Amino acid sequence: MNAEVSATIRIYEIALLAARNDPRFFVRQAQGICLIIDEIQKAPSLISEVKRCVDADSRPAQFVLTGSADYRKLPSADSADSLAGRVIITRLRTLSHAEQLGAHPVFLKNCFDRVFPAQGKIEPCSRKIIYEAAIRGGYPQTIGFDAEQRSMYFKSYLEAQILHDFTKTWNFRRYKDLELLLKIFAIYSSKPLNMLEICRKVSGSAVTLTSYLNALQAMYLIDALPAWESKDYKIGSKTPEIFLSDSGLMAHLLGIHSPEDLLCSHEKMANEGGKLVETWAYAQIMPEVDLHPLWSIRHFRNKNHQEIDFLIGDERGRLLGLEIKSAESINSDDFKHLKWFSEKVPNFTGIVLYAGADIISIGNGLYAVPFSALWAQ
């Protein structure tokens with residue numbers, strides 16, 4: 001470790017100590033300027049002081065609070081100090097493939113309007129290309145890494161997250177169980193959350209499992225996607241689905257390091273490949289959903305086994321259904337759930353996203369669209 005890095009670490013440690021030991025002095029020293037506090041979850045006592053300052057002076061943009069965990073979900077969090085009504089919360093996700101290429105996030109909006117790129121304006125697509133993108137994921141630090149470098153990064157990242165944050169912030173001692181649980185959640189990514197089944201796999205209680213899951217969600221490692229319901233139609237399940245927040249992390253946990261790890265067998269493509277691509281697709285569309293506060297996103301599944309991977313609603317009451325297929329070709333069966341749903345619900349557009357090359361309309365607002373349209377301009 002060179003002298004410059006050592007000095008930076010010492011400055012950070014001193015600032016953290018000051019923030020924890022005298023939060024009032026720390027915050028008030030910055031009066032009159034915009035104070036940016038990174039990793040706010042490591043000094044939660046600052047939150048009450050920020051609240052005190054904002055209540056006394058309501059001018060906007062006095063503070064920017066960032067962190068790798070949601071301070072509102074910390075074990076030490078006090079609901080009275082949640083800053084509710086005083087802050088705007090923005091989720092910064094890992095980078096989508098479109099963001100990595102500098103493309104504008106307009107794919108979903110165009111789908112609502114049924115406007116698609118002209119033939120020839122879409123890059124060639126294939127199952128291998130999508131696997132490569134999914135395995136690479138969206139962590140900015142790993143862009144340009146090869147498989148070995150990416151594996152080293154994720155090993156270090158998980159060790160820091162599990163050994164440090166969970167054992168200290170959440171006071172979890174059995175971190176090896178947590179590491180196993182993360183791998184199990186990777187296996188279940190894009191699937192309904194079955195707590196009893198997962199409890200049997202880890203030989204743990206539902207209470208412990210729920211506390212671990214809540215912590216993983218607070219650290220933005222796992223998302224829960226609610227089920228779509230409607231009082232008018234009553235045709236949906238209430239069980240949420242879980243997603244790892246990044247497909248690159250999921251691939252690492254599943255031991256998938258190259259497309260060939262999946263392309264070697266049809267079984268792997270159908271199981272691990274399908275879940276990985278759906279998790280990757282979730283990470284592609286969520287940044288655009290986040291940009292529209294009046295939009296919502298759900299999954300749909302009912303007892304008759306009709307299911308749609310993603311249902312997105314916009315501010316005009318329109319619904320967009322996305323089915324994710326990692327295959328390079330499609331057939332009529334790929335549309336059967338979208339077709340069934342379109343007959344029940346008005347203002348509906350159904351899209352099958354697949355690893356092919358052509359945009360195809362089968363009528364009644366149902367289309368097959370290549371994944372590469374996600375980043376087409």
# chains A, B, ... in the order shown; residues from 1 in each chain; ligands from 1
>>> select_by_dssp(residues="region 116-360 of chain A", states="alpha helix (DSSP H)", output="MDAnalysis selection string")
chainID A and resid 127:136 147:159 175:188 195:202 206:218 247:253 260:263 266:268 274:290 336:342
>>> residues_around(residues="Gly274 (chain A)", least_positions_apart="2", cutoff="12 Å", atoms="only C-alpha atoms", output="PyMOL selection string")
chain A and resi 127+130-131+134+187-191+247+251+262-263+266-272+276-281+309+323-327+354-355
>>> write_last_selection(atoms="N, CA, C and O atoms", output="tab-separated table (two decimals), in the first residue's frame")
chain	number	residue	atom	x	y	z
A	127	ARG	N	-27.80	-15.85	-29.12
A	127	ARG	CA	-27.81	-16.36	-27.75
A	127	ARG	C	-26.45	-16.12	-27.08
A	127	ARG	O	-26.38	-15.70	-25.93
A	130	ILE	N	-26.01	-12.46	-25.96
A	130	ILE	CA	-26.79	-12.14	-24.77
A	130	ILE	C	-26.18	-12.80	-23.54
A	130	ILE	O	-26.13	-12.19	-22.46
A	131	TYR	N	-25.71	-14.03	-23.67
A	131	TYR	CA	-25.02	-14.68	-22.54
A	131	TYR	C	-23.80	-13.86	-22.12
A	131	TYR	O	-23.55	-13.67	-20.93
A	134	ALA	N	-24.94	-10.85	-20.20
A	134	ALA	CA	-25.48	-11.22	-18.89
A	134	ALA	C	-24.36	-11.61	-17.92
A	134	ALA	O	-24.39	-11.24	-16.74
A	187	ILE	N	-29.80	-19.08	-7.44
A	187	ILE	CA	-30.50	-20.17	-8.11
A	187	ILE	C	-31.98	-19.83	-8.31
A	187	ILE	O	-32.58	-20.17	-9.32
A	188	TYR	N	-32.55	-19.12	-7.33
A	188	TYR	CA	-33.97	-18.77	-7.38
A	188	TYR	C	-34.24	-17.45	-8.10
A	188	TYR	O	-35.39	-17.06	-8.24
A	189	SER	N	-33.21	-16.76	-8.55
A	189	SER	CA	-33.42	-15.45	-9.17
A	189	SER	C	-34.37	-15.57	-10.36
A	189	SER	O	-34.21	-16.45	-11.20
A	190	SER	N	-35.36	-14.70	-10.40
A	190	SER	CA	-36.43	-14.63	-11.41
A	190	SER	C	-37.55	-15.62	-11.11
A	190	SER	O	-38.48	-15.76	-11.92
A	191	LYS	N	-37.51	-16.27	-9.94
A	191	LYS	CA	-38.54	-17.24	-9.57
A	191	LYS	C	-39.34	-16.75	-8.36
A	191	LYS	O	-38.87	-15.90	-7.60
A	247	SER	N	-26.84	-9.39	-12.96
A	247	SER	CA	-26.64	-10.71	-13.54
A	247	SER	C	-25.18	-11.15	-13.50
A	247	SER	O	-24.89	-12.36	-13.48
A	251	ALA	N	-24.08	-14.69	-12.13
A	251	ALA	CA	-23.26	-15.63	-12.89
A	251	ALA	C	-22.07	-16.11	-12.06
A	251	ALA	O	-21.73	-17.30	-12.06
A	262	LEU	N	-22.65	-22.36	-20.62
A	262	LEU	CA	-24.08	-22.59	-20.83
A	262	LEU	C	-24.36	-23.30	-22.15
A	262	LEU	O	-25.23	-24.16	-22.23
A	263	LEU	N	-23.63	-22.93	-23.19
A	263	LEU	CA	-23.87	-23.47	-24.52
A	263	LEU	C	-23.50	-24.94	-24.64
A	263	LEU	O	-23.83	-25.60	-25.62
A	266	HIS	N	-28.12	-28.37	-23.63
A	266	HIS	CA	-29.46	-27.80	-23.71
A	266	HIS	C	-30.07	-27.64	-22.33
A	266	HIS	O	-30.84	-26.71	-22.08
A	267	GLU	N	-29.73	-28.54	-21.41
A	267	GLU	CA	-30.27	-28.46	-20.05
A	267	GLU	C	-29.78	-27.20	-19.35
A	267	GLU	O	-30.56	-26.50	-18.69
A	268	LYS	N	-28.50	-26.89	-19.49
A	268	LYS	CA	-27.96	-25.67	-18.86
A	268	LYS	C	-28.56	-24.42	-19.48
A	268	LYS	O	-28.85	-23.44	-18.80
A	269	MET	N	-28.74	-24.43	-20.79
A	269	MET	CA	-29.34	-23.27	-21.44
A	269	MET	C	-30.78	-23.06	-20.97
A	269	MET	O	-31.22	-21.94	-20.74
A	270	ALA	N	-31.51	-24.16	-20.78
A	270	ALA	CA	-32.90	-24.06	-20.37
A	270	ALA	C	-33.03	-23.63	-18.91
A	270	ALA	O	-33.94	-22.88	-18.56
A	271	ASN	N	-32.14	-24.09	-18.05
A	271	ASN	CA	-32.23	-23.80	-16.62
A	271	ASN	C	-31.43	-22.57	-16.24
A	271	ASN	O	-31.96	-21.47	-16.10
A	272	GLU	N	-30.11	-22.72	-16.06
A	272	GLU	CA	-29.28	-21.59	-15.65
A	272	GLU	C	-29.33	-20.45	-16.67
A	272	GLU	O	-29.41	-19.27	-16.30
A	276	LEU	N	-30.63	-16.68	-15.89
A	276	LEU	CA	-29.61	-15.63	-15.98
A	276	LEU	C	-30.05	-14.53	-16.94
A	276	LEU	O	-29.93	-13.34	-16.64
A	277	VAL	N	-30.61	-14.91	-18.09
A	277	VAL	CA	-31.03	-13.92	-19.08
A	277	VAL	C	-32.22	-13.12	-18.56
A	277	VAL	O	-32.30	-11.91	-18.77
A	278	GLU	N	-33.13	-13.76	-17.85
A	278	GLU	CA	-34.27	-13.02	-17.30
A	278	GLU	C	-33.81	-12.03	-16.23
A	278	GLU	O	-34.31	-10.90	-16.15
A	279	THR	N	-32.84	-12.44	-15.41
A	279	THR	CA	-32.29	-11.52	-14.41
A	279	THR	C	-31.57	-10.37	-15.09
A	279	THR	O	-31.68	-9.21	-14.67
A	280	TRP	N	-30.83	-10.66	-16.15
A	280	TRP	CA	-30.16	-9.61	-16.93
A	280	TRP	C	-31.20	-8.66	-17.54
A	280	TRP	O	-31.04	-7.43	-17.49
A	281	ALA	N	-32.29	-9.21	-18.10
A	281	ALA	CA	-33.33	-8.38	-18.69
A	281	ALA	C	-33.96	-7.46	-17.65
A	281	ALA	O	-34.26	-6.29	-17.92
A	309	ASP	N	-43.48	-12.45	-17.58
A	309	ASP	CA	-42.28	-12.12	-16.80
A	309	ASP	C	-42.37	-10.72	-16.19
A	309	ASP	O	-42.08	-10.54	-15.00
A	323	GLU	N	-42.19	-10.82	-22.21
A	323	GLU	CA	-41.79	-12.20	-22.01
A	323	GLU	C	-40.35	-12.34	-22.47
A	323	GLU	O	-39.99	-11.88	-23.57
A	324	ILE	N	-39.51	-12.97	-21.67
A	324	ILE	CA	-38.08	-13.07	-21.95
A	324	ILE	C	-37.75	-14.47	-22.44
A	324	ILE	O	-38.00	-15.46	-21.74
A	325	LYS	N	-37.20	-14.56	-23.65
A	325	LYS	CA	-36.80	-15.83	-24.24
A	325	LYS	C	-35.35	-15.72	-24.70
A	325	LYS	O	-35.01	-14.82	-25.47
A	326	SER	N	-34.52	-16.64	-24.25
A	326	SER	CA	-33.10	-16.56	-24.63
A	326	SER	C	-32.82	-17.26	-25.96
A	326	SER	O	-31.69	-17.25	-26.45
A	327	ALA	N	-33.84	-17.86	-26.57
A	327	ALA	CA	-33.66	-18.56	-27.84
A	327	ALA	C	-33.51	-17.58	-29.00
A	327	ALA	O	-33.87	-16.40	-28.90
A	354	TYR	N	-36.33	-11.62	-27.52
A	354	TYR	CA	-35.61	-12.86	-27.82
A	354	TYR	C	-34.27	-12.55	-28.47
A	354	TYR	O	-33.97	-11.39	-28.79
A	355	ALA	N	-33.45	-13.58	-28.66
A	355	ALA	CA	-32.08	-13.39	-29.14
A	355	ALA	C	-31.98	-13.52	-30.65
A	355	ALA	O	-30.96	-13.95	-31.18
>>> closest_atom_pairs(of="region 132-213 of chain A", to="region 91-107 of chain A", cutoff="10 Å", atoms="only C-alpha atoms", output="Markdown table")
| residue | atom | partner | partner_atom | distance |
| --- | --- | --- | --- | --- |
| A:Ala133 | CA | A:His97 | CA | 7.3 |
| A:Ala134 | CA | A:His97 | CA | 9.1 |
| A:Arg136 | CA | A:His97 | CA | 9.5 |
| A:Gly137 | CA | A:Leu95 | CA | 7.8 |
| A:Gly138 | CA | A:Leu95 | CA | 4.4 |
| A:Tyr139 | CA | A:Thr94 | CA | 5.2 |
| A:Pro140 | CA | A:Leu95 | CA | 6.7 |
| A:Gln141 | CA | A:Thr94 | CA | 9.9 |
| A:Ile143 | CA | A:Gln100 | CA | 8.6 |
>>> residues_around(residues="region 192-202 of chain A", least_positions_apart="5", cutoff="9 Å", atoms="only C-alpha atoms", output="number ranges by chain")
A: 177, 180-181, 184-185, 209-210, 224, 239-242
>>> residues_around(residues="Leu182 (chain A)", least_positions_apart="5", cutoff="10 Å", atoms="only C-alpha atoms", output="PyMOL selection string")
chain A and resi 158+162+176-177+187-188+212-213+216+221-222+244+250+253
>>> select_by_dssp(residues="region 52-290 of chain A", states="strand (DSSP E or B)", output="list in words")
Phe63, Val64, Leu65, Lys191, Pro192, Ile222, Asp223, Ala224, Leu225, Ala227, Glu241, Ile242, Phe243 and Leu244 of chain A
>>> write_last_selection(atoms="all heavy atoms", output="JSON list (two decimals), in the first residue's frame")
[["chain", "number", "residue", "atom", "x", "y", "z"],
["A", 63, "PHE", "N", -27.86, 18.83, 1.39],
["A", 63, "PHE", "CA", -27.16, 17.57, 1.64],
["A", 63, "PHE", "C", -27.37, 16.61, 0.47],
["A", 63, "PHE", "O", -28.43, 16.59, -0.14],
["A", 63, "PHE", "CB", -27.70, 16.88, 2.91],
["A", 63, "PHE", "CG", -27.51, 17.69, 4.16],
["A", 63, "PHE", "CD1", -28.53, 18.53, 4.61],
["A", 63, "PHE", "CD2", -26.33, 17.63, 4.88],
["A", 63, "PHE", "CE1", -28.38, 19.28, 5.76],
["A", 63, "PHE", "CE2", -26.16, 18.38, 6.03],
["A", 63, "PHE", "CZ", -27.18, 19.20, 6.47],
["A", 64, "VAL", "N", -26.33, 15.84, 0.20],
["A", 64, "VAL", "CA", -26.43, 14.69, -0.69],
["A", 64, "VAL", "C", -25.93, 13.49, 0.10],
["A", 64, "VAL", "O", -24.76, 13.46, 0.52],
["A", 64, "VAL", "CB", -25.58, 14.86, -1.98],
["A", 64, "VAL", "CG1", -25.63, 13.60, -2.82],
["A", 64, "VAL", "CG2", -26.09, 16.05, -2.79],
["A", 65, "LEU", "N", -26.81, 12.54, 0.34],
["A", 65, "LEU", "CA", -26.47, 11.35, 1.13],
["A", 65, "LEU", "C", -26.41, 10.15, 0.20],
["A", 65, "LEU", "O", -27.37, 9.87, -0.51],
["A", 65, "LEU", "CB", -27.52, 11.12, 2.22],
["A", 65, "LEU", "CG", -27.89, 12.32, 3.10],
["A", 65, "LEU", "CD1", -28.95, 11.91, 4.11],
["A", 65, "LEU", "CD2", -26.67, 12.89, 3.79],
["A", 191, "LYS", "N", -37.51, -16.27, -9.94],
["A", 191, "LYS", "CA", -38.54, -17.24, -9.57],
["A", 191, "LYS", "C", -39.34, -16.75, -8.36],
["A", 191, "LYS", "O", -38.87, -15.90, -7.60],
["A", 191, "LYS", "CB", -37.89, -18.59, -9.25],
["A", 191, "LYS", "CG", -37.10, -19.18, -10.40],
["A", 191, "LYS", "CD", -37.95, -19.37, -11.63],
["A", 191, "LYS", "CE", -37.15, -19.88, -12.82],
["A", 191, "LYS", "NZ", -37.97, -19.93, -14.05],
["A", 192, "PRO", "N", -40.55, -17.30, -8.15],
["A", 192, "PRO", "CA", -41.33, -16.91, -6.97],
["A", 192, "PRO", "C", -40.60, -17.23, -5.68],
["A", 192, "PRO", "O", -39.90, -18.24, -5.59],
["A", 192, "PRO", "CB", -42.62, -17.74, -7.11],
["A", 192, "PRO", "CG", -42.71, -18.07, -8.55],
["A", 192, "PRO", "CD", -41.31, -18.21, -9.04],
["A", 222, "ILE", "N", -30.38, -7.89, -3.55],
["A", 222, "ILE", "CA", -31.56, -8.64, -3.99],
["A", 222, "ILE", "C", -32.75, -7.70, -4.05],
["A", 222, "ILE", "O", -32.91, -6.83, -3.20],
["A", 222, "ILE", "CB", -31.86, -9.82, -3.03],
["A", 222, "ILE", "CG1", -30.81, -10.91, -3.20],
["A", 222, "ILE", "CG2", -33.26, -10.39, -3.26],
["A", 222, "ILE", "CD1", -31.01, -12.08, -2.27],
["A", 223, "ASP", "N", -33.59, -7.87, -5.09],
["A", 223, "ASP", "CA", -34.84, -7.14, -5.21],
["A", 223, "ASP", "C", -36.00, -8.11, -5.14],
["A", 223, "ASP", "O", -35.88, -9.28, -5.56],
["A", 223, "ASP", "CB", -34.91, -6.41, -6.56],
["A", 223, "ASP", "CG", -33.93, -5.24, -6.64],
["A", 223, "ASP", "OD1", -33.36, -4.85, -5.60],
["A", 223, "ASP", "OD2", -33.73, -4.73, -7.76],
["A", 224, "ALA", "N", -37.12, -7.64, -4.64],
["A", 224, "ALA", "CA", -38.36, -8.41, -4.66],
["A", 224, "ALA", "C", -39.33, -7.72, -5.62],
["A", 224, "ALA", "O", -39.61, -6.53, -5.47],
["A", 224, "ALA", "CB", -38.96, -8.51, -3.27],
["A", 225, "LEU", "N", -39.79, -8.45, -6.62],
["A", 225, "LEU", "CA", -40.72, -7.90, -7.61],
["A", 225, "LEU", "C", -42.14, -8.33, -7.25],
["A", 225, "LEU", "O", -42.46, -9.53, -7.27],
["A", 225, "LEU", "CB", -40.36, -8.40, -9.01],
["A", 225, "LEU", "CG", -41.22, -7.88, -10.16],
["A", 225, "LEU", "CD1", -41.04, -6.37, -10.32],
["A", 225, "LEU", "CD2", -40.87, -8.60, -11.46],
["A", 227, "ALA", "N", -46.22, -9.09, -7.25],
["A", 227, "ALA", "CA", -47.12, -9.69, -8.24],
["A", 227, "ALA", "C", -48.18, -8.68, -8.66],
["A", 227, "ALA", "O", -48.58, -7.82, -7.88],
["A", 227, "ALA", "CB", -47.77, -10.94, -7.65],
["A", 241, "GLU", "N", -41.61, -12.28, -6.79],
["A", 241, "GLU", "CA", -40.44, -12.97, -7.32],
["A", 241, "GLU", "C", -39.19, -12.24, -6.83],
["A", 241, "GLU", "O", -39.22, -11.05, -6.57],
["A", 241, "GLU", "CB", -40.45, -12.98, -8.85],
["A", 241, "GLU", "CG", -41.51, -13.89, -9.44],
["A", 241, "GLU", "CD", -41.45, -13.96, -10.95],
["A", 241, "GLU", "OE1", -40.76, -13.13, -11.57],
["A", 241, "GLU", "OE2", -42.11, -14.85, -11.51],
["A", 242, "ILE", "N", -38.09, -12.99, -6.69],
["A", 242, "ILE", "CA", -36.85, -12.37, -6.26],
["A", 242, "ILE", "C", -35.87, -12.31, -7.44],
["A", 242, "ILE", "O", -35.88, -13.17, -8.32],
["A", 242, "ILE", "CB", -36.20, -13.11, -5.08],
["A", 242, "ILE", "CG1", -35.91, -14.58, -5.42],
["A", 242, "ILE", "CG2", -37.07, -13.00, -3.84],
["A", 242, "ILE", "CD1", -35.07, -15.27, -4.37],
["A", 243, "PHE", "N", -35.07, -11.27, -7.44],
["A", 243, "PHE", "CA", -34.05, -11.08, -8.47],
["A", 243, "PHE", "C", -32.76, -10.63, -7.80],
["A", 243, "PHE", "O", -32.78, -9.73, -6.95],
["A", 243, "PHE", "CB", -34.47, -10.00, -9.47],
["A", 243, "PHE", "CG", -35.50, -10.43, -10.45],
["A", 243, "PHE", "CD1", -36.85, -10.33, -10.15],
["A", 243, "PHE", "CD2", -35.14, -10.95, -11.69],
["A", 243, "PHE", "CE1", -37.81, -10.74, -11.05],
["A", 243, "PHE", "CE2", -36.10, -11.35, -12.61],
["A", 243, "PHE", "CZ", -37.44, -11.25, -12.28],
["A", 244, "LEU", "N", -31.64, -11.26, -8.18],
["A", 244, "LEU", "CA", -30.38, -10.63, -7.84],
["A", 244, "LEU", "C", -30.29, -9.33, -8.62],
["A", 244, "LEU", "O", -30.75, -9.26, -9.77],
["A", 244, "LEU", "CB", -29.20, -11.55, -8.18],
["A", 244, "LEU", "CG", -28.62, -12.28, -6.96],
["A", 244, "LEU", "CD1", -29.59, -13.33, -6.47],
["A", 244, "LEU", "CD2", -27.27, -12.89, -7.27]]
>>> residues_around(residues="region 291-293 of chain A", least_positions_apart="5", cutoff="10 Å", atoms="only C-alpha atoms", output="PDB file with N, CA and C atoms, in the first residue's frame")
ATOM      1  N   THR A  90     -33.239   8.267  -4.706  1.00  0.00           N
ATOM      2  CA  THR A  90     -32.932   7.814  -6.061  1.00  0.00           C
ATOM      3  C   THR A  90     -32.092   6.547  -5.982  1.00  0.00           C
ATOM      4  N   ARG A  91     -32.549   5.495  -6.611  1.00  0.00           N
ATOM      5  CA  ARG A  91     -31.810   4.228  -6.642  1.00  0.00           C
ATOM      6  C   ARG A  91     -30.817   4.254  -7.798  1.00  0.00           C
ATOM      7  N   PRO A 105     -32.332   5.743 -22.604  1.00  0.00           N
ATOM      8  CA  PRO A 105     -33.275   4.735 -22.104  1.00  0.00           C
ATOM      9  C   PRO A 105     -34.710   5.030 -22.558  1.00  0.00           C
ATOM     10  N   LYS A 109     -40.706   3.093 -23.370  1.00  0.00           N
ATOM     11  CA  LYS A 109     -41.613   4.140 -23.859  1.00  0.00           C
ATOM     12  C   LYS A 109     -42.001   3.864 -25.309  1.00  0.00           C
ATOM     13  N   MET A 286     -35.084  -1.903 -15.572  1.00  0.00           N
ATOM     14  CA  MET A 286     -35.351  -1.177 -14.334  1.00  0.00           C
ATOM     15  C   MET A 286     -34.846   0.267 -14.344  1.00  0.00           C
ATOM     16  N   ASP A 314     -47.984   2.382 -17.266  1.00  0.00           N
ATOM     17  CA  ASP A 314     -47.535   3.765 -17.386  1.00  0.00           C
ATOM     18  C   ASP A 314     -48.575   4.728 -16.817  1.00  0.00           C
ATOM     19  N   GLU A 315     -48.302   6.029 -16.928  1.00  0.00           N
ATOM     20  CA  GLU A 315     -49.155   7.054 -16.325  1.00  0.00           C
ATOM     21  C   GLU A 315     -50.496   7.197 -17.045  1.00  0.00           C
TER      22      GLU A 315
END
>>> atom_distance(atom1="CA of Leu46 (chain A)", atom2="CA of Asn21 (chain A)")
9.9 Å
>>> residues_around(residues="Ala118 (chain A)", least_positions_apart="5", cutoff="12 Å", atoms="only C-alpha atoms", output="list in words")
Glu123, Ala357, Asp358, Ile359, Ile360, Val369, Ala373, Ala376 and Gln377 of chain A
>>> residues_around(residues="Gly363 (chain A)", least_positions_apart="4", cutoff="12 Å", atoms="only C-alpha atoms", output="VMD selection string")
chain A and resid 114 335 338 to 339 342 349 to 351 367 to 368
>>> write_last_selection(atoms="N, CA and C atoms", output="PDB file, in the first residue's frame")
ATOM      1  N   ARG A 114     -45.706   1.494 -29.403  1.00  0.00           N
ATOM      2  CA  ARG A 114     -45.596   0.540 -30.511  1.00  0.00           C
ATOM      3  C   ARG A 114     -44.761   1.113 -31.653  1.00  0.00           C
ATOM      4  N   PHE A 335     -46.198 -16.802 -27.471  1.00  0.00           N
ATOM      5  CA  PHE A 335     -47.146 -15.693 -27.310  1.00  0.00           C
ATOM      6  C   PHE A 335     -48.409 -16.082 -26.540  1.00  0.00           C
ATOM      7  N   LEU A 338     -49.241 -14.003 -23.356  1.00  0.00           N
ATOM      8  CA  LEU A 338     -49.514 -12.612 -23.716  1.00  0.00           C
ATOM      9  C   LEU A 338     -50.858 -12.497 -24.433  1.00  0.00           C
ATOM     10  N   LYS A 339     -51.152 -13.440 -25.311  1.00  0.00           N
ATOM     11  CA  LYS A 339     -52.424 -13.424 -26.029  1.00  0.00           C
ATOM     12  C   LYS A 339     -53.591 -13.594 -25.053  1.00  0.00           C
ATOM     13  N   SER A 342     -54.045 -10.394 -23.082  1.00  0.00           N
ATOM     14  CA  SER A 342     -54.564  -9.290 -23.896  1.00  0.00           C
ATOM     15  C   SER A 342     -56.067  -9.391 -24.087  1.00  0.00           C
ATOM     16  N   THR A 349     -50.094  -4.058 -24.594  1.00  0.00           N
ATOM     17  CA  THR A 349     -49.131  -4.402 -25.636  1.00  0.00           C
ATOM     18  C   THR A 349     -48.254  -5.530 -25.108  1.00  0.00           C
ATOM     19  N   GLY A 350     -48.060  -6.558 -25.908  1.00  0.00           N
ATOM     20  CA  GLY A 350     -47.250  -7.697 -25.490  1.00  0.00           C
ATOM     21  C   GLY A 350     -46.009  -7.850 -26.348  1.00  0.00           C
ATOM     22  N   ILE A 351     -44.854  -8.002 -25.675  1.00  0.00           N
ATOM     23  CA  ILE A 351     -43.573  -8.109 -26.382  1.00  0.00           C
ATOM     24  C   ILE A 351     -42.868  -9.397 -25.944  1.00  0.00           C
ATOM     25  N   TYR A 367     -45.859  -8.516 -30.360  1.00  0.00           N
ATOM     26  CA  TYR A 367     -44.665  -8.397 -31.198  1.00  0.00           C
ATOM     27  C   TYR A 367     -43.545  -9.278 -30.650  1.00  0.00           C
ATOM     28  N   ALA A 368     -42.678  -9.710 -31.521  1.00  0.00           N
ATOM     29  CA  ALA A 368     -41.396 -10.304 -31.151  1.00  0.00           C
ATOM     30  C   ALA A 368     -40.316  -9.284 -31.472  1.00  0.00           C
TER      31      ALA A 368
END
>>> atom_distance(atom1="CA of Asp290 (chain A)", atom2="CA of Gly67 (chain A)")
17.8 Å
>>> closest_residue(among="A:Ser329, A:Ser126, A:Ser48, A:Gln149", to="Arg72 (chain A)", atoms="only C-alpha atoms")
A:Ser48
>>> atom_distance(atom1="CA of Gln29 (chain A)", atom2="CA of Met219 (chain A)")
29.4 Å
>>> closest_residue(among="A:Tyr71, A:Phe300, A:Tyr220, A:Phe154", to="Gly321 (chain A)", atoms="only C-alpha atoms")
A:Phe300
>>> closest_residue(among="A:Glu148, A:Glu288, A:Asp261, A:Asp38", to="Lys128 (chain A)", atoms="only C-alpha atoms")
A:Asp261
>>> decode(residues="region 125-151 of chain A", atoms="C-alpha atoms", output="compact mmCIF listing (two decimals), in the first residue's frame")
# COMPACT_ATOMS: atom_id res chain seq x y z
CA CYS A 125 -28.09 -10.60 -31.92
CA SER A 126 -27.51 -14.18 -30.83
CA ARG A 127 -27.81 -16.36 -27.75
CA LYS A 128 -24.03 -16.15 -27.25
CA ILE A 129 -24.04 -12.34 -27.40
CA ILE A 130 -26.79 -12.14 -24.77
CA TYR A 131 -25.02 -14.68 -22.54
CA GLU A 132 -21.84 -12.60 -22.77
CA ALA A 133 -23.72 -9.44 -21.76
CA ALA A 134 -25.48 -11.22 -18.89
CA ILE A 135 -22.26 -12.76 -17.54
CA ARG A 136 -20.51 -9.39 -17.77
CA GLY A 137 -23.31 -7.66 -15.85
CA GLY A 138 -23.31 -3.98 -14.99
CA TYR A 139 -20.89 -3.28 -12.16
CA PRO A 140 -18.90 -0.25 -13.42
CA GLN A 141 -15.72 -1.56 -11.80
CA THR A 142 -15.74 -4.74 -13.91
CA ILE A 143 -16.30 -3.20 -17.35
CA GLY A 144 -13.47 -4.42 -19.55
CA PHE A 145 -12.48 -7.21 -17.15
CA ASP A 146 -11.84 -10.72 -18.41
CA ALA A 147 -13.35 -13.75 -16.66
CA GLU A 148 -10.49 -14.16 -14.16
CA GLN A 149 -10.39 -10.48 -13.23
CA ARG A 150 -14.16 -10.41 -12.82
CA SER A 151 -14.05 -13.49 -10.59
